[in-house]
Amino acid sequence: MSNHALLLMNLGSPKSPKAEDVKPYLKQFLMDPYVIDLPWPIRRLLVAMILIKRPEASAHAYQSIWWNEGSPLVVLSKRLQKMMELHWQHGPVALAMRYGEPSIESVLLGLKKQGVEQVTLAPLYPQFAESTVTTALEEVKRVVKLHGLSFKFKLLEPFYNQLRYLNALVSSAQEVMKQDFDHLLFSFHGIPERHIYKLVKDDKHNLQATHSSQIDQKYIDVCYRTQCLKTAELFAEQVGLPSDKWSVSFQSRLGRTKWIEPYTDMHLDELAAKGVKRLLVMSPAFVADCLETLEEIGIRGREQFLAAGGSSFELIPCLNDTPSWVVALNQLCQPEETKPFTIN
């Protein structure tokens with residue numbers, strides 16, 4: 001075995017579904033300036049207000065989807081790690097979470113003790129956002145500088161339009177899509193509009209576009225919403241779905257600020273009102289099932305759609321540790337497919 005490790009990085013989870021464990025997890029997450037990008041004093045005050053009631057509500061949500069083995073996100077990520085160990089031929093495969101455990105810091109220090117010299121960083125987010133990809137990479141930089149680590153890094157860039165990823169996505173959904181259905185909804189995680197405008201720096205950038213072709217392509221590398229549209233378009237094209245049989249929405253908004261639209265909760269009611277009875281939903285912003293897919297969509301979204309007049313609602317599982325995804329991820333992370341990542 002060589003000394004080139006693969007580091008899988010995902011968002012993270014509280015260590016238990018109890019409010020006392022959910023609260024510090026939420027605090028770490030919400031105090032991240034890439035998540036709530038407000039000045040520190042304002043962010044601290046806002047988070048303090050959120051933490052008055054949110055931990056109890058979030059704990060209840062986690063309890064509804066928690067497995068005997070632990071958090072679904074962590075359990076599924078560990079399963080993926082184990083499968084990747086069978087394919088990655090260059091060294092160890094490690095797993096770290098941006099929030100919670102195992103932390104990026106502890107994992108990098110562990111790799112150093114193993115004698116690892118090179119690390120391929122693999123943020124498990126198909127589409128780019130500062131609140132996912134950037135914050136994970138900034139944490140890597142912080143740890144490297146703090147401890148004087150001398151790894152050579154390579155980076156898996158966002159893979160929202162990569163054929164290997166799309167093939168795995170199609171393969172994972174094919175069995176569910178064999179049933180009769182009226183509509184397929186792609187529900188992506190939402191982000192505040194200002195997160196995109198901050199990077200695009202163009203007030204005329206179209207955040208109401210219904211197709212990626214309506215967007216100036218020079219912005220696609222930094223526009224999360226456009227990348228989401230592109231993923232959905234390429235998937236629909238690959239499976240032969242007509243344009244009137246699928247749509248895109250964005251979930252998980254928090255607070256009163258404007259988030260990218262359309263909102264999933266509102267869109268579910270709209271679909272039911274239009275006569276959609278049999279609905280399939282998938283969440284391609286996530287590669288592992290988690291609170292946002294299993295509870296927000298799989299439980300609350302389902303209840304909402306059925307109450308609005310729908311007759312059937314099925315959540316297509318995320319990629320998780322499906323064989324096609326393991327093969328695709330291994331190929332995407334190979335040295336010749338990734339780019340150098342330098343920390344100055």
# chains A, B, ... in the order shown; residues from 1 in each chain; ligands from 1

call {"tool": "residues_around", "arguments": {"residues": "Gly310 of chain A", "least_positions_apart": "2", "cutoff": "6 Å", "atoms": "only C-alpha atoms", "output": "list in words"}}
result
Ala272, Lys277, Phe305, Leu306 and Ser312 of chain A

call {"tool": "write_last_selection", "arguments": {"atoms": "C-alpha atoms", "output": "mmCIF file, in the first residue's frame"}}
result
data_model
loop_
_atom_site.group_PDB
_atom_site.id
_atom_site.type_symbol
_atom_site.label_atom_id
_atom_site.label_comp_id
_atom_site.auth_asym_id
_atom_site.auth_seq_id
_atom_site.Cartn_x
_atom_site.Cartn_y
_atom_site.Cartn_z
ATOM 1 C CA ALA A 272 -50.849 18.493 -6.068
ATOM 2 C CA LYS A 277 -51.119 12.211 -7.944
ATOM 3 C CA PHE A 305 -48.224 16.092 -0.473
ATOM 4 C CA LEU A 306 -50.759 13.435 0.491
ATOM 5 C CA SER A 312 -48.629 8.249 -3.631
#

call {"tool": "residues_around", "arguments": {"residues": "Ser247 of chain A", "least_positions_apart": "4", "cutoff": "8 Å", "atoms": "only C-alpha atoms", "output": "JSON, numbers by chain"}}
result
{"A": [183, 184, 185, 186, 243]}

call {"tool": "write_last_selection", "arguments": {"atoms": "N, CA and C atoms", "output": "mmCIF file, in the first residue's frame"}}
result
data_model
loop_
_atom_site.group_PDB
_atom_site.id
_atom_site.type_symbol
_atom_site.label_atom_id
_atom_site.label_comp_id
_atom_site.auth_asym_id
_atom_site.auth_seq_id
_atom_site.Cartn_x
_atom_site.Cartn_y
_atom_site.Cartn_z
ATOM 1 N N HIS A 183 -44.872 12.439 -11.938
ATOM 2 C CA HIS A 183 -43.912 13.539 -11.905
ATOM 3 C C HIS A 183 -42.714 13.148 -11.038
ATOM 4 N N LEU A 184 -41.538 13.625 -11.445
ATOM 5 C CA LEU A 184 -40.318 13.456 -10.660
ATOM 6 C C LEU A 184 -39.851 14.830 -10.207
ATOM 7 N N LEU A 185 -39.726 14.995 -8.898
ATOM 8 C CA LEU A 185 -39.256 16.249 -8.330
ATOM 9 C C LEU A 185 -37.820 16.101 -7.852
ATOM 10 N N PHE A 186 -36.954 16.978 -8.330
ATOM 11 C CA PHE A 186 -35.582 17.065 -7.841
ATOM 12 C C PHE A 186 -35.561 18.134 -6.748
ATOM 13 N N SER A 243 -40.000 17.306 -20.488
ATOM 14 C CA SER A 243 -39.838 18.467 -19.617
ATOM 15 C C SER A 243 -41.034 18.710 -18.704
#

call {"tool": "atom_distance", "arguments": {"atom1": "atom CA of Tyr25 of chain A", "atom2": "atom CA of Leu199 of chain A"}}
result
27.3 Å

call {"tool": "closest_residue", "arguments": {"among": "A:Phe188, A:Phe235, A:Trp88, A:Phe128", "to": "Ile297 of chain A", "atoms": "only C-alpha atoms"}}
result
A:Phe188

call {"tool": "residues_around", "arguments": {"residues": "segment 211-225 of chain A", "least_positions_apart": "3", "cutoff": "6 Å", "atoms": "only C-alpha atoms", "output": "list of chain:residue names"}}
result
A:Phe128, A:Ala129, A:Ile196, A:Cys228, A:Leu229, A:Lys230

call {"tool": "residues_around", "arguments": {"residues": "Leu45 of chain A", "least_positions_apart": "6", "cutoff": "12 Å", "atoms": "only C-alpha atoms", "output": "list in words"}}
result
Lys27, Leu30, Met31, Ile36, Leu38, Pro39, Leu51 and Ile52 of chain A

call {"tool": "write_last_selection", "arguments": {"atoms": "C-alpha atoms", "output": "PDB file, in the first residue's frame"}}
result
ATOM      1  CA  LYS A  27     -23.983  25.801  17.366  1.00  0.00           C
ATOM      2  CA  LEU A  30     -24.561  27.786  12.506  1.00  0.00           C
ATOM      3  CA  MET A  31     -21.557  29.741  13.806  1.00  0.00           C
ATOM      4  CA  ILE A  36     -24.430  32.229   8.180  1.00  0.00           C
ATOM      5  CA  LEU A  38     -23.041  37.739   8.779  1.00  0.00           C
ATOM      6  CA  PRO A  39     -20.624  39.737  10.967  1.00  0.00           C
ATOM      7  CA  LEU A  51     -30.624  27.781  19.936  1.00  0.00           C
ATOM      8  CA  ILE A  52     -33.404  28.642  22.379  1.00  0.00           C
TER       9      ILE A  52
END

call {"tool": "select_by_dssp", "arguments": {"residues": "segment 170-297 of chain A", "states": "strand (DSSP E)", "output": "MDAnalysis selection string"}}
result
chainID A and resid 183:189 246:251 278:282

call {"tool": "write_last_selection", "arguments": {"atoms": "N, CA and C atoms", "output": "mmCIF file, in the first residue's frame"}}
result
data_model
loop_
_atom_site.group_PDB
_atom_site.id
_atom_site.type_symbol
_atom_site.label_atom_id
_atom_site.label_comp_id
_atom_site.auth_asym_id
_atom_site.auth_seq_id
_atom_site.Cartn_x
_atom_site.Cartn_y
_atom_site.Cartn_z
ATOM 1 N N HIS A 183 -44.872 12.439 -11.938
ATOM 2 C CA HIS A 183 -43.912 13.539 -11.905
ATOM 3 C C HIS A 183 -42.714 13.148 -11.038
ATOM 4 N N LEU A 184 -41.538 13.625 -11.445
ATOM 5 C CA LEU A 184 -40.318 13.456 -10.660
ATOM 6 C C LEU A 184 -39.851 14.830 -10.207
ATOM 7 N N LEU A 185 -39.726 14.995 -8.898
ATOM 8 C CA LEU A 185 -39.256 16.249 -8.330
ATOM 9 C C LEU A 185 -37.820 16.101 -7.852
ATOM 10 N N PHE A 186 -36.954 16.978 -8.330
ATOM 11 C CA PHE A 186 -35.582 17.065 -7.841
ATOM 12 C C PHE A 186 -35.561 18.134 -6.748
ATOM 13 N N SER A 187 -35.426 17.706 -5.509
ATOM 14 C CA SER A 187 -35.397 18.660 -4.401
ATOM 15 C C SER A 187 -33.958 18.803 -3.905
ATOM 16 N N PHE A 188 -33.356 19.941 -4.202
ATOM 17 C CA PHE A 188 -31.988 20.222 -3.787
ATOM 18 C C PHE A 188 -31.994 21.025 -2.492
ATOM 19 N N HIS A 189 -30.912 20.933 -1.742
ATOM 20 C CA HIS A 189 -30.789 21.782 -0.559
ATOM 21 C C HIS A 189 -30.706 23.233 -1.011
ATOM 22 N N TRP A 246 -41.017 16.585 -14.951
ATOM 23 C CA TRP A 246 -40.066 16.764 -13.855
ATOM 24 C C TRP A 246 -39.908 18.250 -13.550
ATOM 25 N N SER A 247 -39.433 18.537 -12.347
ATOM 26 C CA SER A 247 -39.202 19.922 -11.957
ATOM 27 C C SER A 247 -38.146 19.956 -10.851
ATOM 28 N N VAL A 248 -37.686 21.168 -10.542
ATOM 29 C CA VAL A 248 -36.634 21.384 -9.554
ATOM 30 C C VAL A 248 -37.156 22.306 -8.461
ATOM 31 N N SER A 249 -36.793 22.009 -7.226
ATOM 32 C CA SER A 249 -37.122 22.904 -6.109
ATOM 33 C C SER A 249 -35.997 22.847 -5.089
ATOM 34 N N PHE A 250 -36.101 23.711 -4.061
ATOM 35 C CA PHE A 250 -35.024 23.842 -3.080
ATOM 36 C C PHE A 250 -35.612 23.833 -1.668
ATOM 37 N N GLN A 251 -35.026 23.036 -0.805
ATOM 38 C CA GLN A 251 -35.563 22.776 0.522
ATOM 39 C C GLN A 251 -34.684 23.377 1.618
ATOM 40 N N ARG A 278 -49.185 10.822 -8.377
ATOM 41 C CA ARG A 278 -48.124 9.872 -8.023
ATOM 42 C C ARG A 278 -46.783 10.582 -8.207
ATOM 43 N N LEU A 279 -46.134 10.870 -7.092
ATOM 44 C CA LEU A 279 -44.929 11.694 -7.124
ATOM 45 C C LEU A 279 -43.702 10.905 -6.665
ATOM 46 N N LEU A 280 -42.628 11.041 -7.421
ATOM 47 C CA LEU A 280 -41.317 10.561 -6.999
ATOM 48 C C LEU A 280 -40.468 11.774 -6.650
ATOM 49 N N VAL A 281 -39.640 11.644 -5.622
ATOM 50 C CA VAL A 281 -38.761 12.738 -5.222
ATOM 51 C C VAL A 281 -37.360 12.203 -5.029
ATOM 52 N N MET A 282 -36.370 12.935 -5.548
ATOM 53 C CA MET A 282 -34.987 12.596 -5.272
ATOM 54 C C MET A 282 -34.227 13.863 -4.894
#

call {"tool": "closest_residue", "arguments": {"among": "A:Gln304, A:Asp203, A:Lys112, A:Met49", "to": "Gly148 of chain A", "atoms": "only C-alpha atoms"}}
result
A:Lys112

call {"tool": "residues_around", "arguments": {"residues": "segment 323-330 of chain A", "least_positions_apart": "2", "cutoff": "8 Å", "atoms": "only C-alpha atoms", "output": "list in words"}}
result
Leu80, Met83, Met84, His87, Trp88, Arg164, Tyr165, Asn167, Ala168, Leu169, Ser171, Ser172, Leu319, Asn320, Asp321, Leu332, Cys333 and Gln334 of chain A

call {"tool": "write_last_selection", "arguments": {"atoms": "N, CA and C atoms", "output": "mmCIF file, in the first residue's frame"}}
result
data_model
loop_
_atom_site.group_PDB
_atom_site.id
_atom_site.type_symbol
_atom_site.label_atom_id
_atom_site.label_comp_id
_atom_site.auth_asym_id
_atom_site.auth_seq_id
_atom_site.Cartn_x
_atom_site.Cartn_y
_atom_site.Cartn_z
ATOM 1 N N LEU A 80 -19.832 3.607 2.954
ATOM 2 C CA LEU A 80 -19.168 4.025 1.717
ATOM 3 C C LEU A 80 -17.660 3.942 1.882
ATOM 4 N N MET A 83 -16.516 0.379 1.548
ATOM 5 C CA MET A 83 -16.556 -0.070 0.152
ATOM 6 C C MET A 83 -15.432 0.539 -0.663
ATOM 7 N N MET A 84 -15.129 1.810 -0.393
ATOM 8 C CA MET A 84 -14.055 2.473 -1.127
ATOM 9 C C MET A 84 -12.693 1.852 -0.824
ATOM 10 N N HIS A 87 -11.584 -0.515 -3.383
ATOM 11 C CA HIS A 87 -11.313 -0.012 -4.729
ATOM 12 C C HIS A 87 -10.106 0.926 -4.795
ATOM 13 N N TRP A 88 -9.912 1.723 -3.765
ATOM 14 C CA TRP A 88 -8.817 2.707 -3.766
ATOM 15 C C TRP A 88 -7.490 1.974 -3.539
ATOM 16 N N ARG A 164 -19.823 9.976 -14.963
ATOM 17 C CA ARG A 164 -19.746 8.841 -14.030
ATOM 18 C C ARG A 164 -20.742 9.033 -12.873
ATOM 19 N N TYR A 165 -20.791 10.245 -12.345
ATOM 20 C CA TYR A 165 -21.733 10.545 -11.272
ATOM 21 C C TYR A 165 -23.166 10.399 -11.770
ATOM 22 N N ASN A 167 -24.337 8.649 -14.288
ATOM 23 C CA ASN A 167 -24.655 7.244 -14.534
ATOM 24 C C ASN A 167 -25.000 6.525 -13.234
ATOM 25 N N ALA A 168 -24.240 6.826 -12.173
ATOM 26 C CA ALA A 168 -24.515 6.211 -10.873
ATOM 27 C C ALA A 168 -25.861 6.675 -10.339
ATOM 28 N N LEU A 169 -26.177 7.948 -10.536
ATOM 29 C CA LEU A 169 -27.449 8.503 -10.076
ATOM 30 C C LEU A 169 -28.617 7.830 -10.799
ATOM 31 N N SER A 171 -28.533 4.889 -12.278
ATOM 32 C CA SER A 171 -28.569 3.483 -11.875
ATOM 33 C C SER A 171 -29.258 3.302 -10.532
ATOM 34 N N SER A 172 -29.008 4.218 -9.596
ATOM 35 C CA SER A 172 -29.593 4.100 -8.258
ATOM 36 C C SER A 172 -31.095 4.349 -8.258
ATOM 37 N N LEU A 319 -27.452 8.075 -3.225
ATOM 38 C CA LEU A 319 -26.483 7.120 -3.757
ATOM 39 C C LEU A 319 -25.973 6.171 -2.675
ATOM 40 N N ASN A 320 -25.777 6.691 -1.479
ATOM 41 C CA ASN A 320 -25.341 5.893 -0.325
ATOM 42 C C ASN A 320 -24.105 5.049 -0.652
ATOM 43 N N ASP A 321 -24.208 3.739 -0.531
ATOM 44 C CA ASP A 321 -23.052 2.893 -0.837
ATOM 45 C C ASP A 321 -23.353 1.936 -1.988
ATOM 46 N N LEU A 332 -13.606 8.965 -10.163
ATOM 47 C CA LEU A 332 -13.538 10.427 -10.082
ATOM 48 C C LEU A 332 -12.369 10.894 -9.227
ATOM 49 N N CYS A 333 -11.961 10.090 -8.255
ATOM 50 C CA CYS A 333 -10.915 10.491 -7.318
ATOM 51 C C CYS A 333 -9.514 10.072 -7.737
ATOM 52 N N GLN A 334 -9.396 9.369 -8.850
ATOM 53 C CA GLN A 334 -8.065 8.920 -9.275
ATOM 54 C C GLN A 334 -7.131 10.111 -9.503
#

call {"tool": "residues_around", "arguments": {"residues": "Leu76 of chain A", "least_positions_apart": "4", "cutoff": "12 Å", "atoms": "only C-alpha atoms", "output": "mmCIF file with all heavy atoms, in the first residue's frame"}}
result
data_model
loop_
_atom_site.group_PDB
_atom_site.id
_atom_site.type_symbol
_atom_site.label_atom_id
_atom_site.label_comp_id
_atom_site.auth_asym_id
_atom_site.auth_seq_id
_atom_site.Cartn_x
_atom_site.Cartn_y
_atom_site.Cartn_z
ATOM 1 N N ASN A 10 -17.876 14.749 4.597
ATOM 2 C CA ASN A 10 -19.300 15.051 4.530
ATOM 3 C C ASN A 10 -19.644 16.051 5.625
ATOM 4 O O ASN A 10 -18.765 16.504 6.360
ATOM 5 C CB ASN A 10 -20.139 13.777 4.651
ATOM 6 C CG ASN A 10 -21.413 13.849 3.841
ATOM 7 O OD1 ASN A 10 -22.007 14.921 3.668
ATOM 8 N ND2 ASN A 10 -21.857 12.712 3.316
ATOM 9 N N GLY A 12 -21.796 16.010 8.497
ATOM 10 C CA GLY A 12 -21.732 15.607 9.886
ATOM 11 C C GLY A 12 -23.096 15.459 10.527
ATOM 12 O O GLY A 12 -24.135 15.674 9.904
ATOM 13 N N SER A 13 -23.073 15.115 11.814
ATOM 14 C CA SER A 13 -24.304 14.817 12.533
ATOM 15 C C SER A 13 -24.039 14.916 14.029
ATOM 16 O O SER A 13 -22.908 14.715 14.482
ATOM 17 C CB SER A 13 -24.764 13.393 12.191
ATOM 18 O OG SER A 13 -25.893 13.019 12.933
ATOM 19 N N TRP A 67 -31.126 5.540 13.404
ATOM 20 C CA TRP A 67 -31.012 4.082 13.309
ATOM 21 C C TRP A 67 -30.379 3.506 14.568
ATOM 22 O O TRP A 67 -29.728 4.223 15.326
ATOM 23 C CB TRP A 67 -30.160 3.703 12.098
ATOM 24 C CG TRP A 67 -30.777 4.057 10.785
ATOM 25 C CD1 TRP A 67 -32.059 4.448 10.551
ATOM 26 C CD2 TRP A 67 -30.128 4.026 9.510
ATOM 27 N NE1 TRP A 67 -32.263 4.677 9.214
ATOM 28 C CE2 TRP A 67 -31.098 4.417 8.556
ATOM 29 C CE3 TRP A 67 -28.851 3.702 9.085
ATOM 30 C CZ2 TRP A 67 -30.803 4.506 7.186
ATOM 31 C CZ3 TRP A 67 -28.550 3.772 7.726
ATOM 32 C CH2 TRP A 67 -29.527 4.169 6.795
ATOM 33 N N GLU A 69 -27.786 1.780 14.644
ATOM 34 C CA GLU A 69 -26.326 1.929 14.506
ATOM 35 C C GLU A 69 -25.865 3.368 14.686
ATOM 36 O O GLU A 69 -24.664 3.632 14.801
ATOM 37 C CB GLU A 69 -25.857 1.450 13.129
ATOM 38 C CG GLU A 69 -26.334 0.061 12.748
ATOM 39 C CD GLU A 69 -27.539 0.118 11.819
ATOM 40 O OE1 GLU A 69 -28.577 0.657 12.234
ATOM 41 O OE2 GLU A 69 -27.396 -0.358 10.666
ATOM 42 N N GLY A 70 -26.828 4.313 14.667
ATOM 43 C CA GLY A 70 -26.452 5.712 14.821
ATOM 44 C C GLY A 70 -27.100 6.593 13.773
ATOM 45 O O GLY A 70 -28.109 6.233 13.151
ATOM 46 N N SER A 71 -26.522 7.760 13.559
ATOM 47 C CA SER A 71 -27.020 8.698 12.557
ATOM 48 C C SER A 71 -26.952 8.088 11.163
ATOM 49 O O SER A 71 -25.895 7.581 10.763
ATOM 50 C CB SER A 71 -26.171 9.975 12.586
ATOM 51 O OG SER A 71 -26.290 10.703 11.380
ATOM 52 N N PRO A 72 -28.040 8.128 10.400
ATOM 53 C CA PRO A 72 -27.996 7.565 9.044
ATOM 54 C C PRO A 72 -26.866 8.137 8.193
ATOM 55 O O PRO A 72 -26.192 7.396 7.473
ATOM 56 C CB PRO A 72 -29.371 7.927 8.473
ATOM 57 C CG PRO A 72 -30.253 7.995 9.667
ATOM 58 C CD PRO A 72 -29.402 8.572 10.762
ATOM 59 N N LEU A 80 -19.832 3.607 2.954
ATOM 60 C CA LEU A 80 -19.168 4.025 1.717
ATOM 61 C C LEU A 80 -17.660 3.942 1.882
ATOM 62 O O LEU A 80 -16.948 3.472 0.979
ATOM 63 C CB LEU A 80 -19.587 5.452 1.358
ATOM 64 C CG LEU A 80 -18.896 6.072 0.141
ATOM 65 C CD1 LEU A 80 -19.258 5.308 -1.135
ATOM 66 C CD2 LEU A 80 -19.298 7.545 -0.005
ATOM 67 N N GLN A 81 -17.158 4.386 3.010
ATOM 68 C CA GLN A 81 -15.720 4.320 3.279
ATOM 69 C C GLN A 81 -15.215 2.881 3.169
ATOM 70 O O GLN A 81 -14.182 2.620 2.541
ATOM 71 C CB GLN A 81 -15.439 4.871 4.675
ATOM 72 C CG GLN A 81 -13.977 4.767 5.104
ATOM 73 C CD GLN A 81 -13.793 5.049 6.590
ATOM 74 O OE1 GLN A 81 -14.773 5.191 7.332
ATOM 75 N NE2 GLN A 81 -12.554 5.121 7.038
ATOM 76 N N LYS A 82 -15.931 1.958 3.780
ATOM 77 C CA LYS A 82 -15.523 0.550 3.739
ATOM 78 C C LYS A 82 -15.508 0.011 2.318
ATOM 79 O O LYS A 82 -14.599 -0.728 1.919
ATOM 80 C CB LYS A 82 -16.466 -0.285 4.617
ATOM 81 C CG LYS A 82 -16.369 -0.002 6.104
ATOM 82 C CD LYS A 82 -15.007 -0.382 6.656
ATOM 83 C CE LYS A 82 -14.947 -0.184 8.157
ATOM 84 N NZ LYS A 82 -13.571 -0.450 8.692
ATOM 85 N N MET A 83 -16.516 0.379 1.548
ATOM 86 C CA MET A 83 -16.556 -0.070 0.152
ATOM 87 C C MET A 83 -15.432 0.539 -0.663
ATOM 88 O O MET A 83 -14.833 -0.114 -1.519
ATOM 89 C CB MET A 83 -17.919 0.292 -0.458
ATOM 90 C CG MET A 83 -19.094 -0.473 0.119
ATOM 91 S SD MET A 83 -19.020 -2.246 -0.262
ATOM 92 C CE MET A 83 -19.319 -2.216 -2.037
ATOM 93 N N LEU A 95 -12.465 8.959 6.607
ATOM 94 C CA LEU A 95 -13.728 9.678 6.579
ATOM 95 C C LEU A 95 -13.711 10.753 7.651
ATOM 96 O O LEU A 95 -13.343 10.478 8.799
ATOM 97 C CB LEU A 95 -14.893 8.717 6.838
ATOM 98 C CG LEU A 95 -16.275 9.339 7.063
ATOM 99 C CD1 LEU A 95 -16.787 9.976 5.771
ATOM 100 C CD2 LEU A 95 -17.259 8.287 7.581
ATOM 101 N N PHE A 286 -27.437 15.563 -2.138
ATOM 102 C CA PHE A 286 -26.925 14.696 -1.075
ATOM 103 C C PHE A 286 -26.485 13.374 -1.688
ATOM 104 O O PHE A 286 -27.205 12.803 -2.500
ATOM 105 C CB PHE A 286 -28.010 14.421 -0.034
ATOM 106 C CG PHE A 286 -28.643 15.659 0.546
ATOM 107 C CD1 PHE A 286 -29.812 16.184 -0.022
ATOM 108 C CD2 PHE A 286 -28.098 16.301 1.636
ATOM 109 C CE1 PHE A 286 -30.407 17.317 0.507
ATOM 110 C CE2 PHE A 286 -28.688 17.442 2.174
ATOM 111 C CZ PHE A 286 -29.836 17.956 1.606
ATOM 112 N N VAL A 287 -25.348 12.853 -1.268
ATOM 113 C CA VAL A 287 -24.930 11.529 -1.725
ATOM 114 C C VAL A 287 -25.248 10.467 -0.681
ATOM 115 O O VAL A 287 -25.113 9.275 -0.956
ATOM 116 C CB VAL A 287 -23.435 11.488 -2.086
ATOM 117 C CG1 VAL A 287 -23.127 12.453 -3.225
ATOM 118 C CG2 VAL A 287 -22.551 11.777 -0.881
ATOM 119 N N ALA A 288 -25.640 10.893 0.524
ATOM 120 C CA ALA A 288 -26.022 9.948 1.580
ATOM 121 C C ALA A 288 -27.313 10.435 2.225
ATOM 122 O O ALA A 288 -27.481 11.632 2.489
ATOM 123 C CB ALA A 288 -24.923 9.831 2.633
ATOM 124 N N ASP A 289 -28.216 9.519 2.484
ATOM 125 C CA ASP A 289 -29.468 9.895 3.136
ATOM 126 C C ASP A 289 -29.198 10.434 4.533
ATOM 127 O O ASP A 289 -28.299 9.975 5.242
ATOM 128 C CB ASP A 289 -30.411 8.696 3.192
ATOM 129 C CG ASP A 289 -31.176 8.527 1.891
ATOM 130 O OD1 ASP A 289 -31.804 9.511 1.465
ATOM 131 O OD2 ASP A 289 -31.121 7.429 1.303
ATOM 132 N N CYS A 290 -30.002 11.423 4.917
ATOM 133 C CA CYS A 290 -29.731 12.170 6.143
ATOM 134 C C CYS A 290 -31.041 12.788 6.630
ATOM 135 O O CYS A 290 -32.119 12.485 6.105
ATOM 136 C CB CYS A 290 -28.690 13.253 5.874
ATOM 137 S SG CYS A 290 -29.134 14.344 4.493
ATOM 138 N N PRO A 317 -33.953 6.767 -2.748
ATOM 139 C CA PRO A 317 -32.786 6.867 -1.863
ATOM 140 C C PRO A 317 -31.610 7.570 -2.532
ATOM 141 O O PRO A 317 -31.474 7.567 -3.760
ATOM 142 C CB PRO A 317 -32.449 5.400 -1.560
ATOM 143 C CG PRO A 317 -33.723 4.655 -1.793
ATOM 144 C CD PRO A 317 -34.394 5.369 -2.930
ATOM 145 N N CYS A 318 -30.770 8.160 -1.708
ATOM 146 C CA CYS A 318 -29.539 8.764 -2.221
ATOM 147 C C CYS A 318 -28.592 7.672 -2.708
ATOM 148 O O CYS A 318 -28.864 6.475 -2.578
ATOM 149 C CB CYS A 318 -28.875 9.598 -1.131
ATOM 150 S SG CYS A 318 -29.780 11.102 -0.699
ATOM 151 N N LEU A 319 -27.452 8.075 -3.225
ATOM 152 C CA LEU A 319 -26.483 7.120 -3.757
ATOM 153 C C LEU A 319 -25.973 6.171 -2.675
ATOM 154 O O LEU A 319 -25.709 5.003 -2.933
ATOM 155 C CB LEU A 319 -25.311 7.878 -4.394
ATOM 156 C CG LEU A 319 -25.646 8.614 -5.687
ATOM 157 C CD1 LEU A 319 -24.536 9.575 -6.061
ATOM 158 C CD2 LEU A 319 -25.893 7.629 -6.819
ATOM 159 N N ASN A 320 -25.777 6.691 -1.479
ATOM 160 C CA ASN A 320 -25.341 5.893 -0.325
ATOM 161 C C ASN A 320 -24.105 5.049 -0.652
ATOM 162 O O ASN A 320 -23.080 5.599 -1.053
ATOM 163 C CB ASN A 320 -26.515 5.065 0.193
ATOM 164 C CG ASN A 320 -27.644 5.961 0.703
ATOM 165 O OD1 ASN A 320 -27.394 7.031 1.260
ATOM 166 N ND2 ASN A 320 -28.893 5.544 0.527
ATOM 167 N N ASP A 321 -24.208 3.739 -0.531
ATOM 168 C CA ASP A 321 -23.052 2.893 -0.837
ATOM 169 C C ASP A 321 -23.353 1.936 -1.988
ATOM 170 O O ASP A 321 -22.836 0.828 -2.041
ATOM 171 C CB ASP A 321 -22.613 2.109 0.404
ATOM 172 C CG ASP A 321 -23.698 1.180 0.934
ATOM 173 O OD1 ASP A 321 -24.886 1.389 0.592
ATOM 174 O OD2 ASP A 321 -23.376 0.248 1.696
ATOM 175 N N THR A 322 -24.207 2.364 -2.908
ATOM 176 C CA THR A 322 -24.542 1.515 -4.039
ATOM 177 C C THR A 322 -23.286 1.211 -4.867
ATOM 178 O O THR A 322 -22.399 2.060 -5.000
ATOM 179 C CB THR A 322 -25.588 2.178 -4.950
ATOM 180 O OG1 THR A 322 -25.123 3.478 -5.327
ATOM 181 C CG2 THR A 322 -26.914 2.329 -4.226
#

call {"tool": "atom_distance", "arguments": {"atom1": "atom CA of Leu155 of chain A", "atom2": "atom CA of Val200 of chain A"}}
result
22.5 Å

call {"tool": "atom_distance", "arguments": {"atom1": "atom CA of Glu101 of chain A", "atom2": "atom CA of Leu11 of chain A"}}
result
10.0 Å

call {"tool": "residues_around", "arguments": {"residues": "Ala96 of chain A", "least_positions_apart": "4", "cutoff": "10 Å", "atoms": "only C-alpha atoms", "output": "list in words"}}
result
Leu7, Leu8, Met9, Asn10, Leu11, Gly12, Val74, Ser77, Lys78, Gly100, Glu101, Pro102, Ser103, Ile104, Glu105, Ser106, Val107, Leu108, Pro123 and Ala136 of chain A

call {"tool": "decode", "arguments": {"residues": "segment 189-210 of chain A", "atoms": "C-alpha atoms", "output": "mmCIF file, in the first residue's frame"}}
result
data_model
loop_
_atom_site.group_PDB
_atom_site.id
_atom_site.type_symbol
_atom_site.label_atom_id
_atom_site.label_comp_id
_atom_site.auth_asym_id
_atom_site.auth_seq_id
_atom_site.Cartn_x
_atom_site.Cartn_y
_atom_site.Cartn_z
ATOM 1 C CA HIS A 189 -30.789 21.782 -0.559
ATOM 2 C CA GLY A 190 -31.346 25.530 -0.660
ATOM 3 C CA ILE A 191 -28.969 28.387 0.151
ATOM 4 C CA PRO A 192 -29.556 32.124 0.621
ATOM 5 C CA GLU A 193 -29.543 34.096 -2.629
ATOM 6 C CA ARG A 194 -26.843 36.390 -1.231
ATOM 7 C CA HIS A 195 -24.418 33.443 -1.109
ATOM 8 C CA ILE A 196 -24.585 33.303 -4.895
ATOM 9 C CA TYR A 197 -24.603 37.042 -5.543
ATOM 10 C CA LYS A 198 -21.515 37.388 -3.344
ATOM 11 C CA LEU A 199 -19.594 35.145 -5.746
ATOM 12 C CA VAL A 200 -21.213 36.133 -9.027
ATOM 13 C CA LYS A 201 -21.053 39.874 -8.263
ATOM 14 C CA ASP A 202 -23.717 40.644 -10.847
ATOM 15 C CA ASP A 203 -27.083 41.997 -9.695
ATOM 16 C CA LYS A 204 -28.586 40.959 -13.034
ATOM 17 C CA HIS A 205 -27.680 37.292 -12.532
ATOM 18 C CA ASN A 206 -30.877 35.314 -13.114
ATOM 19 C CA LEU A 207 -31.889 33.343 -10.044
ATOM 20 C CA GLN A 208 -35.354 32.664 -11.461
ATOM 21 C CA ALA A 209 -34.150 30.728 -14.518
ATOM 22 C CA THR A 210 -35.897 27.440 -15.194
#
